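> Dropping a structure here in structure tokens format, bear with me for questions.
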Amino acid sequence: MHEGLIQIIRDNPAGVDSVTLAQEILKFKNPDRRLAHHAVKSILASDPRCCLGEDELWRPATTFIGQDNRPLEELPWSAVFLLTDPTGANPTSAVHLSGWALLEQPRLLFSEWLITPDSLSPEEQEVLVSPLDGEYRQDREEALAGVARALNDTMPILLSGRQQRILAHHLSSIGESLTDDTMLVSQLYRLADLSMPRPLDLESCRQALFDRPPVPTSAVSHGECLAEIAATLLRRLVRGGITNRSALEERECARTLDMQWSDKAFSPEDILSQPSTPGVYGFKDREGRFVYIGKARNIRRRLLGYFRNTEESPAKLEALKRDAYDLSIHRCGSELESLVLEHRLINKYAPRLNTQMRIQERKGTYAPIEDCIVLTPHADENKYLTFWFRKEQKVILKTLSKDLSE
């Protein structure tokens, strides 16, 4: 019903009144104008894909509510580079991580070795180890936890989708997750209307942007080089008229998403209209069966990430792009709610592309908790989601409609 209303509004960009919508979709017969308007407005009032004009006609929205309009250069960008095993023995694992904040001048956030630098050959130590490196932590999980804390509330830019997957894998091993708010250098090149350097590595990117040979030597200087490249590409976007996050997302949706949208039941506008809040999403095939179910801290950014046109695309992602036809989204008030809902839906529907069926617990020692009620935010205002814990019993979830401001 909701989507039917949206479709009629899209088919009538000049405007359509509530009576027509109520008759065609809600199946009202000769409705009173005020009643029809109240019924339609109660359904569409919070949908950013449409807007109600002063003439009381519904039209497709030309901009999307809730998008970030902060200046592009003021957003908390960071650049993250992963140095993989220099011997090539394990190319899917990082041995060193470095991150740089991009506001104004690049600033080092972290420089962490995941292996002891003493295990490198003397020649490698002389080149790769830097005074800027943090003190080597014997506990690898502690080092990764430091990386997770440093990246909290930042928007990381990574060189490639492969580096993004490696970083996400390392963080998930300690129970942390990589933010949905990531970008790739390949995206920034396309958004800035620049030719993609081949191969896509630091050396070719630096040569293409600055017309000078690469200089990174130490492991941490690789991250600094990536920060210089990312900052330059962001400045080019600003000069090209992409001044805020909203404009960046609209251009990304128009130019870099790799998908035949005409063959799907959802569109780029549907994704751009989603909120930047936690939630659970599910891709369905043409028969209505779930293909994949996932959770997100930021629904809109996570969904945009699925359809990026990148240099490398895993087989699982290609299968999703091919088989997904429809999209189901449930907004959540917190990450905890989205985690529990995702777990329940995966166990109920067993989507074929979901290989992880169990919730991974963070490592550590846990003590039993006393009987308690945990309150978390709700997706709707003036509501709370409560988790009722009692020993030897299943956890109960209840929605609470109370003003708990005091």
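By convention here, the chains of the structure tokens are called A, B, ... in the order presented, each chain's residues are numbered starting at 1, and ligands are numbered starting at 1 in the order presented.
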List the neighbours of A:Lys391 out to 10 Å using only C-alpha atoms; skip same-chain residues closer than 3 positions along the sequence, and give me the result as an MDAnalysis selection string.
chainID A and resid 368:372 394:395
> Could you list, as a ChimeraX atom specification, every residue within 12 Å of A:Glu141, counting only C-alpha atoms and ignoring same-chain residues fewer than 5 positions away?
/A:112-115,146-148,170-176,362-364
> Can you write out the residues you just picked, keeping all heavy atoms, as a tab-separated table (two decimals), in the first residue's frame?

chain	number	residue	atom	x	y	z
A	112	GLU	N	50.22	1.01	13.99
A	112	GLU	CA	50.25	-0.22	14.79
A	112	GLU	C	50.83	-1.39	13.99
A	112	GLU	O	50.38	-1.67	12.88
A	112	GLU	CB	48.84	-0.60	15.26
A	112	GLU	CG	48.19	0.39	16.21
A	112	GLU	CD	48.70	0.24	17.63
A	112	GLU	OE1	49.55	-0.65	17.88
A	112	GLU	OE2	48.24	1.00	18.50
A	113	TRP	N	51.81	-2.06	14.58
A	113	TRP	CA	52.32	-3.31	14.02
A	113	TRP	C	51.50	-4.47	14.60
A	113	TRP	O	51.29	-4.55	15.80
A	113	TRP	CB	53.80	-3.51	14.36
A	113	TRP	CG	54.73	-2.68	13.52
A	113	TRP	CD1	55.28	-1.49	13.87
A	113	TRP	CD2	55.19	-2.99	12.20
A	113	TRP	NE1	56.07	-1.01	12.84
A	113	TRP	CE2	56.03	-1.93	11.81
A	113	TRP	CE3	54.97	-4.04	11.32
A	113	TRP	CZ2	56.64	-1.89	10.56
A	113	TRP	CZ3	55.60	-4.01	10.08
A	113	TRP	CH2	56.42	-2.95	9.71
A	114	LEU	N	51.03	-5.36	13.73
A	114	LEU	CA	50.31	-6.56	14.17
A	114	LEU	C	51.23	-7.76	14.29
A	114	LEU	O	50.81	-8.83	14.71
A	114	LEU	CB	49.15	-6.86	13.22
A	114	LEU	CG	48.11	-5.75	13.06
A	114	LEU	CD1	46.95	-6.23	12.20
A	114	LEU	CD2	47.62	-5.27	14.41
A	115	ILE	N	52.49	-7.59	13.87
A	115	ILE	CA	53.54	-8.58	14.10
A	115	ILE	C	54.69	-7.84	14.76
A	115	ILE	O	54.80	-6.61	14.66
A	115	ILE	CB	54.00	-9.25	12.79
A	115	ILE	CG1	54.61	-8.19	11.85
A	115	ILE	CG2	52.87	-9.99	12.11
A	115	ILE	CD1	55.34	-8.78	10.66
A	146	GLY	N	42.84	-0.55	19.73
A	146	GLY	CA	43.28	0.83	19.61
A	146	GLY	C	42.92	1.42	18.26
A	146	GLY	O	42.53	2.59	18.15
A	147	VAL	N	43.05	0.60	17.21
A	147	VAL	CA	42.66	1.05	15.87
A	147	VAL	C	41.16	1.35	15.83
A	147	VAL	O	40.71	2.37	15.29
A	147	VAL	CB	43.03	-0.02	14.82
A	147	VAL	CG1	42.41	0.31	13.47
A	147	VAL	CG2	44.54	-0.14	14.70
A	148	ALA	N	40.35	0.44	16.40
A	148	ALA	CA	38.89	0.62	16.41
A	148	ALA	C	38.51	1.91	17.13
A	148	ALA	O	37.64	2.66	16.67
A	148	ALA	CB	38.21	-0.59	17.06
A	170	HIS	N	39.77	-8.08	10.24
A	170	HIS	CA	40.58	-7.94	11.45
A	170	HIS	C	39.76	-7.38	12.61
A	170	HIS	O	39.88	-7.85	13.75
A	170	HIS	CB	41.78	-7.03	11.18
A	170	HIS	CG	42.91	-7.70	10.44
A	170	HIS	ND1	43.44	-8.90	10.84
A	170	HIS	CD2	43.61	-7.34	9.33
A	170	HIS	CE1	44.42	-9.26	10.02
A	170	HIS	NE2	44.53	-8.32	9.09
A	171	LEU	N	38.94	-6.37	12.34
A	171	LEU	CA	38.15	-5.78	13.40
A	171	LEU	C	37.08	-6.76	13.91
A	171	LEU	O	36.81	-6.83	15.12
A	171	LEU	CB	37.48	-4.49	12.92
A	171	LEU	CG	38.43	-3.32	12.62
A	171	LEU	CD1	37.65	-2.11	12.16
A	171	LEU	CD2	39.28	-2.97	13.84
A	172	SER	N	36.48	-7.53	13.01
A	172	SER	CA	35.45	-8.48	13.45
A	172	SER	C	36.05	-9.58	14.32
A	172	SER	O	35.35	-10.18	15.14
A	172	SER	CB	34.75	-9.10	12.24
A	172	SER	OG	35.63	-9.93	11.51
A	173	SER	N	37.36	-9.84	14.17
A	173	SER	CA	38.00	-10.89	14.98
A	173	SER	C	38.04	-10.51	16.45
A	173	SER	O	38.22	-11.39	17.30
A	173	SER	CB	39.42	-11.16	14.46
A	173	SER	OG	40.29	-10.07	14.73
A	174	ILE	N	37.88	-9.22	16.78
A	174	ILE	CA	37.85	-8.80	18.19
A	174	ILE	C	36.46	-8.28	18.56
A	174	ILE	O	36.30	-7.62	19.58
A	174	ILE	CB	38.91	-7.71	18.47
A	174	ILE	CG1	38.66	-6.46	17.64
A	174	ILE	CG2	40.31	-8.24	18.22
A	174	ILE	CD1	39.44	-5.25	18.11
A	175	GLY	N	35.47	-8.58	17.72
A	175	GLY	CA	34.11	-8.18	18.05
A	175	GLY	C	33.76	-6.75	17.69
A	175	GLY	O	32.71	-6.26	18.08
A	176	GLU	N	34.63	-6.08	16.92
A	176	GLU	CA	34.35	-4.72	16.47
A	176	GLU	C	33.91	-4.77	15.01
A	176	GLU	O	34.12	-5.76	14.31
A	176	GLU	CB	35.59	-3.83	16.60
A	176	GLU	CG	36.07	-3.64	18.02
A	176	GLU	CD	35.20	-2.70	18.82
A	176	GLU	OE1	34.29	-2.08	18.23
A	176	GLU	OE2	35.43	-2.57	20.04
A	362	ARG	N	32.34	-11.19	21.79
A	362	ARG	CA	33.70	-10.69	22.01
A	362	ARG	C	34.41	-11.61	22.99
A	362	ARG	O	33.81	-12.16	23.90
A	362	ARG	CB	33.66	-9.27	22.58
A	362	ARG	CG	33.03	-8.26	21.65
A	362	ARG	CD	33.19	-6.87	22.18
A	362	ARG	NE	32.52	-5.91	21.32
A	362	ARG	CZ	32.59	-4.60	21.49
A	362	ARG	NH1	33.31	-4.12	22.47
A	362	ARG	NH2	31.95	-3.78	20.68
A	363	LYS	N	35.68	-11.75	22.77
A	363	LYS	CA	36.46	-12.60	23.66
A	363	LYS	C	36.58	-11.94	25.03
A	363	LYS	O	36.61	-10.73	25.15
A	363	LYS	CB	37.84	-12.88	23.06
A	363	LYS	CG	37.79	-13.65	21.75
A	363	LYS	CD	39.18	-13.88	21.20
A	363	LYS	CE	39.13	-14.65	19.88
A	363	LYS	NZ	40.48	-14.87	19.32
A	364	GLY	N	36.63	-12.76	26.07
A	364	GLY	CA	36.79	-12.24	27.41
A	364	GLY	C	36.04	-13.07	28.42
A	364	GLY	O	35.41	-14.07	28.09
> Please give the complete set of residues from stretch 122-247 of chain A that DSSP, run on the backbone, assigns to helix (DSSP H, G or I), formatted as a PDB file with N, CA and C atoms, in the first residue's frame.

ATOM      1  N   PRO A 122      66.574  -7.717   8.640  1.00  0.00           N
ATOM      2  CA  PRO A 122      67.249  -6.438   8.926  1.00  0.00           C
ATOM      3  C   PRO A 122      67.004  -5.400   7.833  1.00  0.00           C
ATOM      4  N   GLU A 123      67.002  -5.852   6.573  1.00  0.00           N
ATOM      5  CA  GLU A 123      66.755  -4.918   5.467  1.00  0.00           C
ATOM      6  C   GLU A 123      65.346  -4.338   5.543  1.00  0.00           C
ATOM      7  N   GLU A 124      64.365  -5.198   5.844  1.00  0.00           N
ATOM      8  CA  GLU A 124      62.977  -4.735   5.947  1.00  0.00           C
ATOM      9  C   GLU A 124      62.803  -3.805   7.142  1.00  0.00           C
ATOM     10  N   GLN A 125      63.449  -4.129   8.239  1.00  0.00           N
ATOM     11  CA  GLN A 125      63.347  -3.258   9.406  1.00  0.00           C
ATOM     12  C   GLN A 125      63.892  -1.874   9.107  1.00  0.00           C
ATOM     13  N   GLU A 126      64.993  -1.815   8.407  1.00  0.00           N
ATOM     14  CA  GLU A 126      65.622  -0.526   8.099  1.00  0.00           C
ATOM     15  C   GLU A 126      64.698   0.348   7.256  1.00  0.00           C
ATOM     16  N   VAL A 127      63.917  -0.283   6.349  1.00  0.00           N
ATOM     17  CA  VAL A 127      63.046   0.475   5.449  1.00  0.00           C
ATOM     18  C   VAL A 127      61.675   0.746   6.068  1.00  0.00           C
ATOM     19  N   LEU A 128      61.079  -0.249   6.710  1.00  0.00           N
ATOM     20  CA  LEU A 128      59.673  -0.173   7.098  1.00  0.00           C
ATOM     21  C   LEU A 128      59.425   0.412   8.477  1.00  0.00           C
ATOM     22  N   ARG A 140      47.929  -8.592  20.243  1.00  0.00           N
ATOM     23  CA  ARG A 140      47.416  -8.161  18.938  1.00  0.00           C
ATOM     24  C   ARG A 140      46.000  -7.603  19.061  1.00  0.00           C
ATOM     25  N   GLU A 141      45.186  -8.202  19.915  1.00  0.00           N
ATOM     26  CA  GLU A 141      43.820  -7.725  20.086  1.00  0.00           C
ATOM     27  C   GLU A 141      43.803  -6.323  20.679  1.00  0.00           C
ATOM     28  N   GLU A 142      44.751  -6.034  21.561  1.00  0.00           N
ATOM     29  CA  GLU A 142      44.840  -4.690  22.128  1.00  0.00           C
ATOM     30  C   GLU A 142      45.193  -3.670  21.049  1.00  0.00           C
ATOM     31  N   ALA A 143      46.082  -4.058  20.126  1.00  0.00           N
ATOM     32  CA  ALA A 143      46.451  -3.159  19.035  1.00  0.00           C
ATOM     33  C   ALA A 143      45.246  -2.871  18.143  1.00  0.00           C
ATOM     34  N   LEU A 144      44.479  -3.926  17.810  1.00  0.00           N
ATOM     35  CA  LEU A 144      43.304  -3.735  16.965  1.00  0.00           C
ATOM     36  C   LEU A 144      42.238  -2.922  17.681  1.00  0.00           C
ATOM     37  N   ALA A 145      42.111  -3.110  18.992  1.00  0.00           N
ATOM     38  CA  ALA A 145      41.156  -2.315  19.761  1.00  0.00           C
ATOM     39  C   ALA A 145      41.533  -0.838  19.714  1.00  0.00           C
ATOM     40  N   GLY A 146      42.840  -0.554  19.734  1.00  0.00           N
ATOM     41  CA  GLY A 146      43.282   0.827  19.607  1.00  0.00           C
ATOM     42  C   GLY A 146      42.920   1.421  18.257  1.00  0.00           C
ATOM     43  N   VAL A 147      43.048   0.603  17.208  1.00  0.00           N
ATOM     44  CA  VAL A 147      42.656   1.049  15.869  1.00  0.00           C
ATOM     45  C   VAL A 147      41.158   1.346  15.832  1.00  0.00           C
ATOM     46  N   ALA A 148      40.349   0.436  16.401  1.00  0.00           N
ATOM     47  CA  ALA A 148      38.890   0.617  16.409  1.00  0.00           C
ATOM     48  C   ALA A 148      38.512   1.909  17.131  1.00  0.00           C
ATOM     49  N   ARG A 149      39.172   2.183  18.264  1.00  0.00           N
ATOM     50  CA  ARG A 149      38.867   3.417  19.008  1.00  0.00           C
ATOM     51  C   ARG A 149      39.238   4.656  18.198  1.00  0.00           C
ATOM     52  N   ALA A 150      40.390   4.589  17.515  1.00  0.00           N
ATOM     53  CA  ALA A 150      40.844   5.752  16.740  1.00  0.00           C
ATOM     54  C   ALA A 150      39.912   6.035  15.564  1.00  0.00           C
ATOM     55  N   LEU A 151      39.315   4.974  14.997  1.00  0.00           N
ATOM     56  CA  LEU A 151      38.440   5.150  13.831  1.00  0.00           C
ATOM     57  C   LEU A 151      37.007   5.456  14.221  1.00  0.00           C
ATOM     58  N   GLY A 161      38.831  -2.062  -2.348  1.00  0.00           N
ATOM     59  CA  GLY A 161      37.864  -2.919  -1.693  1.00  0.00           C
ATOM     60  C   GLY A 161      38.524  -4.078  -0.967  1.00  0.00           C
ATOM     61  N   ARG A 162      39.646  -4.543  -1.490  1.00  0.00           N
ATOM     62  CA  ARG A 162      40.376  -5.632  -0.835  1.00  0.00           C
ATOM     63  C   ARG A 162      40.886  -5.183   0.529  1.00  0.00           C
ATOM     64  N   GLN A 163      41.470  -3.978   0.604  1.00  0.00           N
ATOM     65  CA  GLN A 163      41.942  -3.481   1.891  1.00  0.00           C
ATOM     66  C   GLN A 163      40.768  -3.252   2.860  1.00  0.00           C
ATOM     67  N   GLN A 164      39.652  -2.825   2.325  1.00  0.00           N
ATOM     68  CA  GLN A 164      38.472  -2.649   3.164  1.00  0.00           C
ATOM     69  C   GLN A 164      38.028  -3.970   3.775  1.00  0.00           C
ATOM     70  N   ARG A 165      38.019  -5.043   2.977  1.00  0.00           N
ATOM     71  CA  ARG A 165      37.591  -6.346   3.492  1.00  0.00           C
ATOM     72  C   ARG A 165      38.578  -6.895   4.520  1.00  0.00           C
ATOM     73  N   ILE A 166      39.877  -6.677   4.283  1.00  0.00           N
ATOM     74  CA  ILE A 166      40.876  -7.153   5.250  1.00  0.00           C
ATOM     75  C   ILE A 166      40.716  -6.428   6.577  1.00  0.00           C
ATOM     76  N   LEU A 167      40.522  -5.094   6.533  1.00  0.00           N
ATOM     77  CA  LEU A 167      40.352  -4.326   7.761  1.00  0.00           C
ATOM     78  C   LEU A 167      39.091  -4.768   8.499  1.00  0.00           C
ATOM     79  N   ALA A 168      37.995  -4.957   7.768  1.00  0.00           N
ATOM     80  CA  ALA A 168      36.744  -5.406   8.393  1.00  0.00           C
ATOM     81  C   ALA A 168      36.933  -6.774   9.045  1.00  0.00           C
ATOM     82  N   HIS A 169      37.681  -7.646   8.382  1.00  0.00           N
ATOM     83  CA  HIS A 169      37.930  -8.982   8.935  1.00  0.00           C
ATOM     84  C   HIS A 169      38.732  -8.898  10.232  1.00  0.00           C
ATOM     85  N   HIS A 170      39.767  -8.077  10.243  1.00  0.00           N
ATOM     86  CA  HIS A 170      40.585  -7.938  11.454  1.00  0.00           C
ATOM     87  C   HIS A 170      39.762  -7.377  12.609  1.00  0.00           C
ATOM     88  N   LEU A 171      38.941  -6.374  12.339  1.00  0.00           N
ATOM     89  CA  LEU A 171      38.145  -5.784  13.404  1.00  0.00           C
ATOM     90  C   LEU A 171      37.084  -6.764  13.914  1.00  0.00           C
ATOM     91  N   SER A 172      36.477  -7.525  13.011  1.00  0.00           N
ATOM     92  CA  SER A 172      35.454  -8.482  13.446  1.00  0.00           C
ATOM     93  C   SER A 172      36.048  -9.577  14.323  1.00  0.00           C
ATOM     94  N   VAL A 185      39.282   4.905  -2.782  1.00  0.00           N
ATOM     95  CA  VAL A 185      39.970   5.847  -3.667  1.00  0.00           C
ATOM     96  C   VAL A 185      39.403   5.750  -5.082  1.00  0.00           C
ATOM     97  N   SER A 186      39.049   4.530  -5.513  1.00  0.00           N
ATOM     98  CA  SER A 186      38.485   4.376  -6.859  1.00  0.00           C
ATOM     99  C   SER A 186      37.191   5.174  -7.010  1.00  0.00           C
ATOM    100  N   GLN A 187      36.364   5.216  -5.952  1.00  0.00           N
ATOM    101  CA  GLN A 187      35.151   6.028  -5.994  1.00  0.00           C
ATOM    102  C   GLN A 187      35.481   7.500  -6.159  1.00  0.00           C
ATOM    103  N   LEU A 188      36.450   7.974  -5.383  1.00  0.00           N
ATOM    104  CA  LEU A 188      36.790   9.394  -5.441  1.00  0.00           C
ATOM    105  C   LEU A 188      37.293   9.785  -6.825  1.00  0.00           C
ATOM    106  N   TYR A 189      38.053   8.917  -7.478  1.00  0.00           N
ATOM    107  CA  TYR A 189      38.504   9.207  -8.844  1.00  0.00           C
ATOM    108  C   TYR A 189      37.315   9.361  -9.781  1.00  0.00           C
ATOM    109  N   ARG A 190      36.371   8.422  -9.706  1.00  0.00           N
ATOM    110  CA  ARG A 190      35.212   8.493 -10.599  1.00  0.00           C
ATOM    111  C   ARG A 190      34.363   9.728 -10.307  1.00  0.00           C
ATOM    112  N   LEU A 191      34.157  10.025  -9.016  1.00  0.00           N
ATOM    113  CA  LEU A 191      33.342  11.178  -8.649  1.00  0.00           C
ATOM    114  C   LEU A 191      33.990  12.482  -9.086  1.00  0.00           C
ATOM    115  N   LEU A 202      49.420   2.939  -4.620  1.00  0.00           N
ATOM    116  CA  LEU A 202      49.896   4.246  -4.180  1.00  0.00           C
ATOM    117  C   LEU A 202      50.802   4.900  -5.215  1.00  0.00           C
ATOM    118  N   GLU A 203      51.676   4.099  -5.809  1.00  0.00           N
ATOM    119  CA  GLU A 203      52.649   4.654  -6.750  1.00  0.00           C
ATOM    120  C   GLU A 203      51.958   5.285  -7.957  1.00  0.00           C
ATOM    121  N   SER A 204      51.018   4.545  -8.572  1.00  0.00           N
ATOM    122  CA  SER A 204      50.362   5.063  -9.770  1.00  0.00           C
ATOM    123  C   SER A 204      49.437   6.229  -9.431  1.00  0.00           C
ATOM    124  N   CYS A 205      48.759   6.177  -8.261  1.00  0.00           N
ATOM    125  CA  CYS A 205      47.887   7.285  -7.870  1.00  0.00           C
ATOM    126  C   CYS A 205      48.697   8.558  -7.647  1.00  0.00           C
ATOM    127  N   ARG A 206      49.825   8.436  -6.985  1.00  0.00           N
ATOM    128  CA  ARG A 206      50.643   9.613  -6.696  1.00  0.00           C
ATOM    129  C   ARG A 206      51.234  10.194  -7.977  1.00  0.00           C
ATOM    130  N   GLN A 207      51.639   9.308  -8.870  1.00  0.00           N
ATOM    131  CA  GLN A 207      52.193   9.771 -10.136  1.00  0.00           C
ATOM    132  C   GLN A 207      51.131  10.497 -10.957  1.00  0.00           C
ATOM    133  N   ALA A 208      49.900   9.950 -10.963  1.00  0.00           N
ATOM    134  CA  ALA A 208      48.831  10.547 -11.761  1.00  0.00           C
ATOM    135  C   ALA A 208      48.388  11.899 -11.204  1.00  0.00           C
ATOM    136  N   LEU A 209      48.346  12.039  -9.870  1.00  0.00           N
ATOM    137  CA  LEU A 209      47.850  13.275  -9.268  1.00  0.00           C
ATOM    138  C   LEU A 209      48.897  14.368  -9.201  1.00  0.00           C
ATOM    139  N   PHE A 210      50.139  13.990  -8.878  1.00  0.00           N
ATOM    140  CA  PHE A 210      51.166  14.986  -8.611  1.00  0.00           C
ATOM    141  C   PHE A 210      52.290  14.996  -9.634  1.00  0.00           C
ATOM    142  N   ALA A 219      56.525   1.923   6.741  1.00  0.00           N
ATOM    143  CA  ALA A 219      55.136   1.466   6.718  1.00  0.00           C
ATOM    144  C   ALA A 219      54.176   2.623   6.987  1.00  0.00           C
ATOM    145  N   VAL A 220      54.482   3.477   7.960  1.00  0.00           N
ATOM    146  CA  VAL A 220      53.574   4.565   8.291  1.00  0.00           C
ATOM    147  C   VAL A 220      53.525   5.615   7.190  1.00  0.00           C
ATOM    148  N   SER A 221      54.600   5.776   6.427  1.00  0.00           N
ATOM    149  CA  SER A 221      54.594   6.771   5.353  1.00  0.00           C
ATOM    150  C   SER A 221      53.694   6.351   4.197  1.00  0.00           C
ATOM    151  N   HIS A 222      53.391   5.048   4.089  1.00  0.00           N
ATOM    152  CA  HIS A 222      52.408   4.603   3.094  1.00  0.00           C
ATOM    153  C   HIS A 222      51.046   5.214   3.421  1.00  0.00           C
ATOM    154  N   GLY A 223      50.695   5.210   4.709  1.00  0.00           N
ATOM    155  CA  GLY A 223      49.437   5.825   5.116  1.00  0.00           C
ATOM    156  C   GLY A 223      49.419   7.314   4.893  1.00  0.00           C
ATOM    157  N   GLU A 224      50.562   7.963   5.125  1.00  0.00           N
ATOM    158  CA  GLU A 224      50.642   9.402   4.892  1.00  0.00           C
ATOM    159  C   GLU A 224      50.464   9.724   3.413  1.00  0.00           C
ATOM    160  N   CYS A 225      51.034   8.877   2.555  1.00  0.00           N
ATOM    161  CA  CYS A 225      50.873   9.067   1.111  1.00  0.00           C
ATOM    162  C   CYS A 225      49.404   8.921   0.705  1.00  0.00           C
ATOM    163  N   LEU A 226      48.717   7.911   1.261  1.00  0.00           N
ATOM    164  CA  LEU A 226      47.297   7.731   0.973  1.00  0.00           C
ATOM    165  C   LEU A 226      46.501   8.939   1.448  1.00  0.00           C
ATOM    166  N   ALA A 227      46.851   9.485   2.616  1.00  0.00           N
ATOM    167  CA  ALA A 227      46.159  10.660   3.138  1.00  0.00           C
ATOM    168  C   ALA A 227      46.325  11.847   2.188  1.00  0.00           C
ATOM    169  N   GLU A 228      47.516  12.023   1.655  1.00  0.00           N
ATOM    170  CA  GLU A 228      47.768  13.120   0.712  1.00  0.00           C
ATOM    171  C   GLU A 228      46.923  12.952  -0.544  1.00  0.00           C
ATOM    172  N   ILE A 229      46.822  11.722  -1.042  1.00  0.00           N
ATOM    173  CA  ILE A 229      46.029  11.436  -2.235  1.00  0.00           C
ATOM    174  C   ILE A 229      44.549  11.691  -1.955  1.00  0.00           C
ATOM    175  N   ALA A 230      44.045  11.174  -0.834  1.00  0.00           N
ATOM    176  CA  ALA A 230      42.627  11.323  -0.510  1.00  0.00           C
ATOM    177  C   ALA A 230      42.254  12.786  -0.312  1.00  0.00           C
ATOM    178  N   ALA A 231      43.099  13.537   0.406  1.00  0.00           N
ATOM    179  CA  ALA A 231      42.809  14.948   0.643  1.00  0.00           C
ATOM    180  C   ALA A 231      42.767  15.730  -0.668  1.00  0.00           C
ATOM    181  N   THR A 232      43.674  15.412  -1.592  1.00  0.00           N
ATOM    182  CA  THR A 232      43.706  16.093  -2.885  1.00  0.00           C
ATOM    183  C   THR A 232      42.439  15.797  -3.686  1.00  0.00           C
ATOM    184  N   LEU A 233      41.990  14.537  -3.681  1.00  0.00           N
ATOM    185  CA  LEU A 233      40.779  14.175  -4.416  1.00  0.00           C
ATOM    186  C   LEU A 233      39.549  14.850  -3.813  1.00  0.00           C
ATOM    187  N   LEU A 234      39.479  14.954  -2.496  1.00  0.00           N
ATOM    188  CA  LEU A 234      38.352  15.635  -1.864  1.00  0.00           C
ATOM    189  C   LEU A 234      38.331  17.115  -2.235  1.00  0.00           C
ATOM    190  N   ARG A 235      39.501  17.748  -2.269  1.00  0.00           N
ATOM    191  CA  ARG A 235      39.553  19.165  -2.653  1.00  0.00           C
ATOM    192  C   ARG A 235      39.108  19.348  -4.104  1.00  0.00           C
ATOM    193  N   ARG A 236      39.460  18.402  -4.971  1.00  0.00           N
ATOM    194  CA  ARG A 236      39.008  18.485  -6.370  1.00  0.00           C
ATOM    195  C   ARG A 236      37.487  18.381  -6.460  1.00  0.00           C
ATOM    196  N   LEU A 237      36.901  17.529  -5.639  1.00  0.00           N
ATOM    197  CA  LEU A 237      35.447  17.416  -5.630  1.00  0.00           C
ATOM    198  C   LEU A 237      34.804  18.731  -5.210  1.00  0.00           C
ATOM    199  N   VAL A 238      35.356  19.373  -4.191  1.00  0.00           N
ATOM    200  CA  VAL A 238      34.815  20.650  -3.738  1.00  0.00           C
ATOM    201  C   VAL A 238      34.906  21.691  -4.850  1.00  0.00           C
ATOM    202  N   ARG A 239      36.051  21.756  -5.520  1.00  0.00           N
ATOM    203  CA  ARG A 239      36.201  22.713  -6.630  1.00  0.00           C
ATOM    204  C   ARG A 239      35.240  22.398  -7.767  1.00  0.00           C
ATOM    205  N   ARG A 245      27.870  16.561   1.826  1.00  0.00           N
ATOM    206  CA  ARG A 245      27.676  15.116   1.770  1.00  0.00           C
ATOM    207  C   ARG A 245      26.471  14.724   0.919  1.00  0.00           C
ATOM    208  N   SER A 246      25.440  15.536   0.959  1.00  0.00           N
ATOM    209  CA  SER A 246      24.258  15.248   0.166  1.00  0.00           C
ATOM    210  C   SER A 246      24.594  15.218  -1.315  1.00  0.00           C
ATOM    211  N   ALA A 247      25.335  16.223  -1.766  1.00  0.00           N
ATOM    212  CA  ALA A 247      25.717  16.278  -3.175  1.00  0.00           C
ATOM    213  C   ALA A 247      26.642  15.116  -3.543  1.00  0.00           C
TER     214      ALA A 247
END
> List every residue of stretch 246-301 of chain A that has an atom at most 9 Å from any atom of stretch 328-343 of chain A, giving for each one its closest atom pair and the distance in Å to one decimal, counting only C-alpha atoms, sorted by chain and then by ascending residue number, as JSON lines.

{"residue": "A:Gln274", "atom": "CA", "partner": "A:Ile329", "partner_atom": "CA", "distance": 8.8}
{"residue": "A:Pro275", "atom": "CA", "partner": "A:Arg331", "partner_atom": "CA", "distance": 8.3}
{"residue": "A:Thr277", "atom": "CA", "partner": "A:Arg331", "partner_atom": "CA", "distance": 7.2}
{"residue": "A:Pro278", "atom": "CA", "partner": "A:Cys332", "partner_atom": "CA", "distance": 5.4}
{"residue": "A:Gly279", "atom": "CA", "partner": "A:Arg331", "partner_atom": "CA", "distance": 4.3}
{"residue": "A:Val280", "atom": "CA", "partner": "A:His330", "partner_atom": "CA", "distance": 5.3}
{"residue": "A:Tyr281", "atom": "CA", "partner": "A:Ile329", "partner_atom": "CA", "distance": 4.4}
{"residue": "A:Gly282", "atom": "CA", "partner": "A:Ser328", "partner_atom": "CA", "distance": 5.0}
{"residue": "A:Phe283", "atom": "CA", "partner": "A:Ser328", "partner_atom": "CA", "distance": 6.4}
{"residue": "A:Lys284", "atom": "CA", "partner": "A:Ser328", "partner_atom": "CA", "distance": 7.6}
{"residue": "A:Ile293", "atom": "CA", "partner": "A:Glu342", "partner_atom": "CA", "distance": 6.9}
{"residue": "A:Gly294", "atom": "CA", "partner": "A:Glu342", "partner_atom": "CA", "distance": 6.2}
{"residue": "A:Lys295", "atom": "CA", "partner": "A:Ser338", "partner_atom": "CA", "distance": 5.9}
{"residue": "A:Ala296", "atom": "CA", "partner": "A:Ser338", "partner_atom": "CA", "distance": 7.4}
{"residue": "A:Arg297", "atom": "CA", "partner": "A:Glu335", "partner_atom": "CA", "distance": 6.4}
{"residue": "A:Ile299", "atom": "CA", "partner": "A:Arg331", "partner_atom": "CA", "distance": 8.2}
> Residues of stretch 237-330 of chain A in strand (DSSP E) according to DSSP, as a VMD selection string?
chain A and resid 279 to 284 290 to 296 326 to 330
> To one decimal in Å, tell me the separation between atom CA of A:Ala379 and atom CA of A:Lys264.
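Pair atom CA of A:Ala379 / atom CA of A:Lys264 returns 27.1 Å.
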> List the neighbours of A:Thr399 out to 8 Å using only C-alpha atoms; skip same-chain residues closer than 6 positions along the sequence, and give me the result as a ChimeraX atom specification.
/A:378,383-386
> For a quick check of understanding, using only C-alpha atoms, which of A:Asn382, A:Thr182, A:Asn30, A:Ser130 has the smallest distance to A:Ser401?
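Nearest candidate to A:Ser401 out of A:Asn382, A:Thr182, A:Asn30, A:Ser130: A:Asn382.
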